[in-house]
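Working notes for the structure below.
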Amino acid sequence: MANELMKPFAVNIDFQRGTISAPARVLRRTLKDLEGLFYDEEEYRRILAKEDPLLYEVYEVPVPNEEGHLLSCTTIIYPGKVGKEYYFTKGHFHEKEDRAEIYTCLQGEGYLLMHTRSGDVASIHMTPGVSAYIPPYWSHRTLNCGSEPFIFYGVWPGDAGHDYGSIKEEGFPLRVFEENGVPVVKKI
Ligand code: S6P
Ligand code: ZN
């Protein structure tokens with residue numbers, strides 16, 4: 001029985017760069033992966049006709065996606081905008097919607113945007129040391145509103161899964177635009 005148990009292990013997280021040693025996988029999303037998500041569609045197509053910039057990378061700690069385990073990863077969002085809207089992650093609900101998550105900012109500056117299916121919205125300004133709790137049933141999207149990479153470390157239950165579909169179809173009710181040089185959170 002004892003030899004069937006997973007052995008404890010550790011990884012190294014580079015707090016400056018956001019990389020994790022020996023990750024299970026590194027996920028990279030470029031502009032084309034976020035089709036239909038930015039507010040300014042015309043500007044999105046104009047940029048994409050010229051280039052397909054890297055928006056963010058995710059380094060995952062190698063752990064099974066199963067009940068009982070805790071998954072964790074770093075996300076590095078690069079600085080940039082589509083029109084006036086800052087680069088962001090796709091955003092999702094968990095497939096098992098009652099699964100929570102914790103995001104802790106390591107570097108840079110950003111926002112964590114959240115909403116529920118019943119129409120509540122929330123946003124948290126993320127700077128190094130801010131550790132945000134995303135309760136069960138809240139969607140989550142992050143964005144970089146600074147000039148350096150925005151890096152955070154997330155921890156969530158192994159069986160949570162991802163549901164990207166409803167945000168793709170219905171849009172995210174909070175958006176952050178640069179206005180007069182500062183980020184402004186707007187309910188759309
Ligand atoms: C997973 C967790 C993060 C995100 C990552 C990228 O539950 O919330 O690891 O997956 O920040 O965001 P997204 O919305 O593209 O998966
Ligand atoms: Zn999540």
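Going through the structure tokens in order, the chains are called A, B, and so on, while each chain numbers its residues from 1 and the ligands are numbered from 1 in the order shown.
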
Shell around A:Arg99 at 7 Å using only C-alpha atoms, local window under 5 positions removed, as an MDAnalysis selection string: chainID A and resid 94 136 157 160

Residue contacts of A:Arg45 (10 Å, only C-alpha atoms) excluding same-chain residues fewer than 5 positions away, as a ChimeraX atom specification: /A:31-32,35-36,40,50-51,82

Would you mind exporting N, CA, C and O atoms of the selected residues as a PDB file, in the first residue's frame?
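Written output follows (again_21.pdb):
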ATOM      1  N   LEU A  31      -1.854  36.015 -29.344  1.00  0.00           N
ATOM      2  CA  LEU A  31      -3.042  36.816 -29.651  1.00  0.00           C
ATOM      3  C   LEU A  31      -4.123  36.008 -30.370  1.00  0.00           C
ATOM      4  O   LEU A  31      -5.314  36.141 -30.091  1.00  0.00           O
ATOM      5  N   LYS A  32      -3.700  35.139 -31.295  1.00  0.00           N
ATOM      6  CA  LYS A  32      -4.717  34.416 -32.077  1.00  0.00           C
ATOM      7  C   LYS A  32      -5.523  33.436 -31.214  1.00  0.00           C
ATOM      8  O   LYS A  32      -6.650  33.090 -31.564  1.00  0.00           O
ATOM      9  N   GLU A  35      -9.096  34.870 -29.812  1.00  0.00           N
ATOM     10  CA  GLU A  35     -10.024  35.392 -30.825  1.00  0.00           C
ATOM     11  C   GLU A  35     -11.419  35.623 -30.228  1.00  0.00           C
ATOM     12  O   GLU A  35     -11.935  34.779 -29.488  1.00  0.00           O
ATOM     13  N   GLY A  36     -11.992  36.784 -30.526  1.00  0.00           N
ATOM     14  CA  GLY A  36     -13.360  37.072 -30.079  1.00  0.00           C
ATOM     15  C   GLY A  36     -13.464  37.579 -28.657  1.00  0.00           C
ATOM     16  O   GLY A  36     -14.564  37.838 -28.173  1.00  0.00           O
ATOM     17  N   ASP A  40     -12.087  45.648 -28.755  1.00  0.00           N
ATOM     18  CA  ASP A  40     -11.889  46.317 -30.035  1.00  0.00           C
ATOM     19  C   ASP A  40     -11.507  45.283 -31.093  1.00  0.00           C
ATOM     20  O   ASP A  40     -10.326  45.044 -31.360  1.00  0.00           O
ATOM     21  N   LYS A  50      -0.503  41.658 -38.847  1.00  0.00           N
ATOM     22  CA  LYS A  50       0.942  41.961 -38.910  1.00  0.00           C
ATOM     23  C   LYS A  50       1.789  41.006 -38.090  1.00  0.00           C
ATOM     24  O   LYS A  50       2.897  40.651 -38.448  1.00  0.00           O
ATOM     25  N   GLU A  51       1.259  40.603 -36.907  1.00  0.00           N
ATOM     26  CA  GLU A  51       2.047  39.783 -35.979  1.00  0.00           C
ATOM     27  C   GLU A  51       1.114  39.024 -35.038  1.00  0.00           C
ATOM     28  O   GLU A  51      -0.072  39.346 -34.946  1.00  0.00           O
ATOM     29  N   VAL A  82      -4.517  45.771 -26.646  1.00  0.00           N
ATOM     30  CA  VAL A  82      -5.229  45.734 -27.928  1.00  0.00           C
ATOM     31  C   VAL A  82      -6.142  46.955 -27.887  1.00  0.00           C
ATOM     32  O   VAL A  82      -7.093  46.983 -27.105  1.00  0.00           O
TER      33      VAL A  82
END

A:Phe150 environment, 10 Å, only C-alpha atoms, sequence neighbours closer than 2 positions dropped, as a ChimeraX atom specification: /A:16-18,56,75-79,105-111,126-128,142-148,152

Restricted to C-alpha atoms, what would the selected residues look like written as a PDB file, in the first residue's frame?
ATOM      1  CA  GLN A  16      11.541  37.353 -10.729  1.00  0.00           C
ATOM      2  CA  ARG A  17      11.021  35.485 -13.992  1.00  0.00           C
ATOM      3  CA  GLY A  18       7.990  33.414 -13.007  1.00  0.00           C
ATOM      4  CA  TYR A  56       1.029  34.897 -21.563  1.00  0.00           C
ATOM      5  CA  THR A  75       1.212  32.711 -14.999  1.00  0.00           C
ATOM      6  CA  ILE A  76       3.315  35.376 -16.697  1.00  0.00           C
ATOM      7  CA  ILE A  77       1.307  37.999 -18.596  1.00  0.00           C
ATOM      8  CA  TYR A  78       3.384  40.279 -20.792  1.00  0.00           C
ATOM      9  CA  PRO A  79       2.721  44.023 -21.000  1.00  0.00           C
ATOM     10  CA  CYS A 105       1.149  38.139  -7.027  1.00  0.00           C
ATOM     11  CA  LEU A 106       4.932  37.728  -7.288  1.00  0.00           C
ATOM     12  CA  GLN A 107       5.916  40.523  -9.701  1.00  0.00           C
ATOM     13  CA  GLY A 108       4.457  43.418 -11.632  1.00  0.00           C
ATOM     14  CA  GLU A 109       1.005  44.921 -11.529  1.00  0.00           C
ATOM     15  CA  GLY A 110      -2.349  43.670 -12.710  1.00  0.00           C
ATOM     16  CA  TYR A 111      -5.997  43.069 -11.976  1.00  0.00           C
ATOM     17  CA  MET A 126      -2.711  42.765  -7.747  1.00  0.00           C
ATOM     18  CA  THR A 127       0.789  43.874  -6.705  1.00  0.00           C
ATOM     19  CA  PRO A 128       3.613  41.773  -5.204  1.00  0.00           C
ATOM     20  CA  THR A 142      -6.255  38.397 -15.021  1.00  0.00           C
ATOM     21  CA  LEU A 143      -4.607  41.229 -16.898  1.00  0.00           C
ATOM     22  CA  ASN A 144      -1.354  43.154 -16.903  1.00  0.00           C
ATOM     23  CA  CYS A 145      -1.833  46.926 -16.456  1.00  0.00           C
ATOM     24  CA  GLY A 146       1.861  47.679 -15.879  1.00  0.00           C
ATOM     25  CA  SER A 147       4.962  48.008 -18.026  1.00  0.00           C
ATOM     26  CA  GLU A 148       6.742  44.854 -16.746  1.00  0.00           C
ATOM     27  CA  PHE A 152       1.253  35.355 -10.112  1.00  0.00           C
TER      28      PHE A 152
END

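The closest residue to A:Phe15, picked from A:Val130, A:Leu174, A:Ala122, A:Ile151 and counting only C-alpha atoms, is A:Ile151.
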
Which of chain A DSSP labels strand (DSSP E), written as a PyMOL selection string: chain A and resi 25-30+54-60+70-77+81-82+85-86+101-107+110-115+121-126+131-134+141-144+150-157+174-179+182-187

Test item: residues no farther than 10 Å from ligand 2, counting only C-alpha atoms and all ligand atoms, as a VMD selection string: chain A and resid 72 91 to 95 97 99 to 103 134 138 to 141 154 to 157 160 to 163

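The residue that comes closest to A:Pro23, out of A:Met6, A:Glu43, A:Val58, A:Asp52 and on the basis of only C-alpha atoms, is A:Val58.
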
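Distances here use only C-alpha atoms; by that measure, the residue among A:Leu71, A:Ile13, A:Val176, A:Ile124 closest to A:Leu112 is A:Ile124.
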
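Shortest atom-to-atom contact with ligand 1 among A:Val121, A:Val63, A:Leu27, A:Val184: A:Leu27, counting only C-alpha atoms and all ligand atoms.
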
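Take the candidates A:Ala49, A:Leu5, A:Ala22, A:Ile167 and check each one against ligand 1 using only C-alpha atoms and all ligand atoms; the shortest distance goes to A:Ile167.
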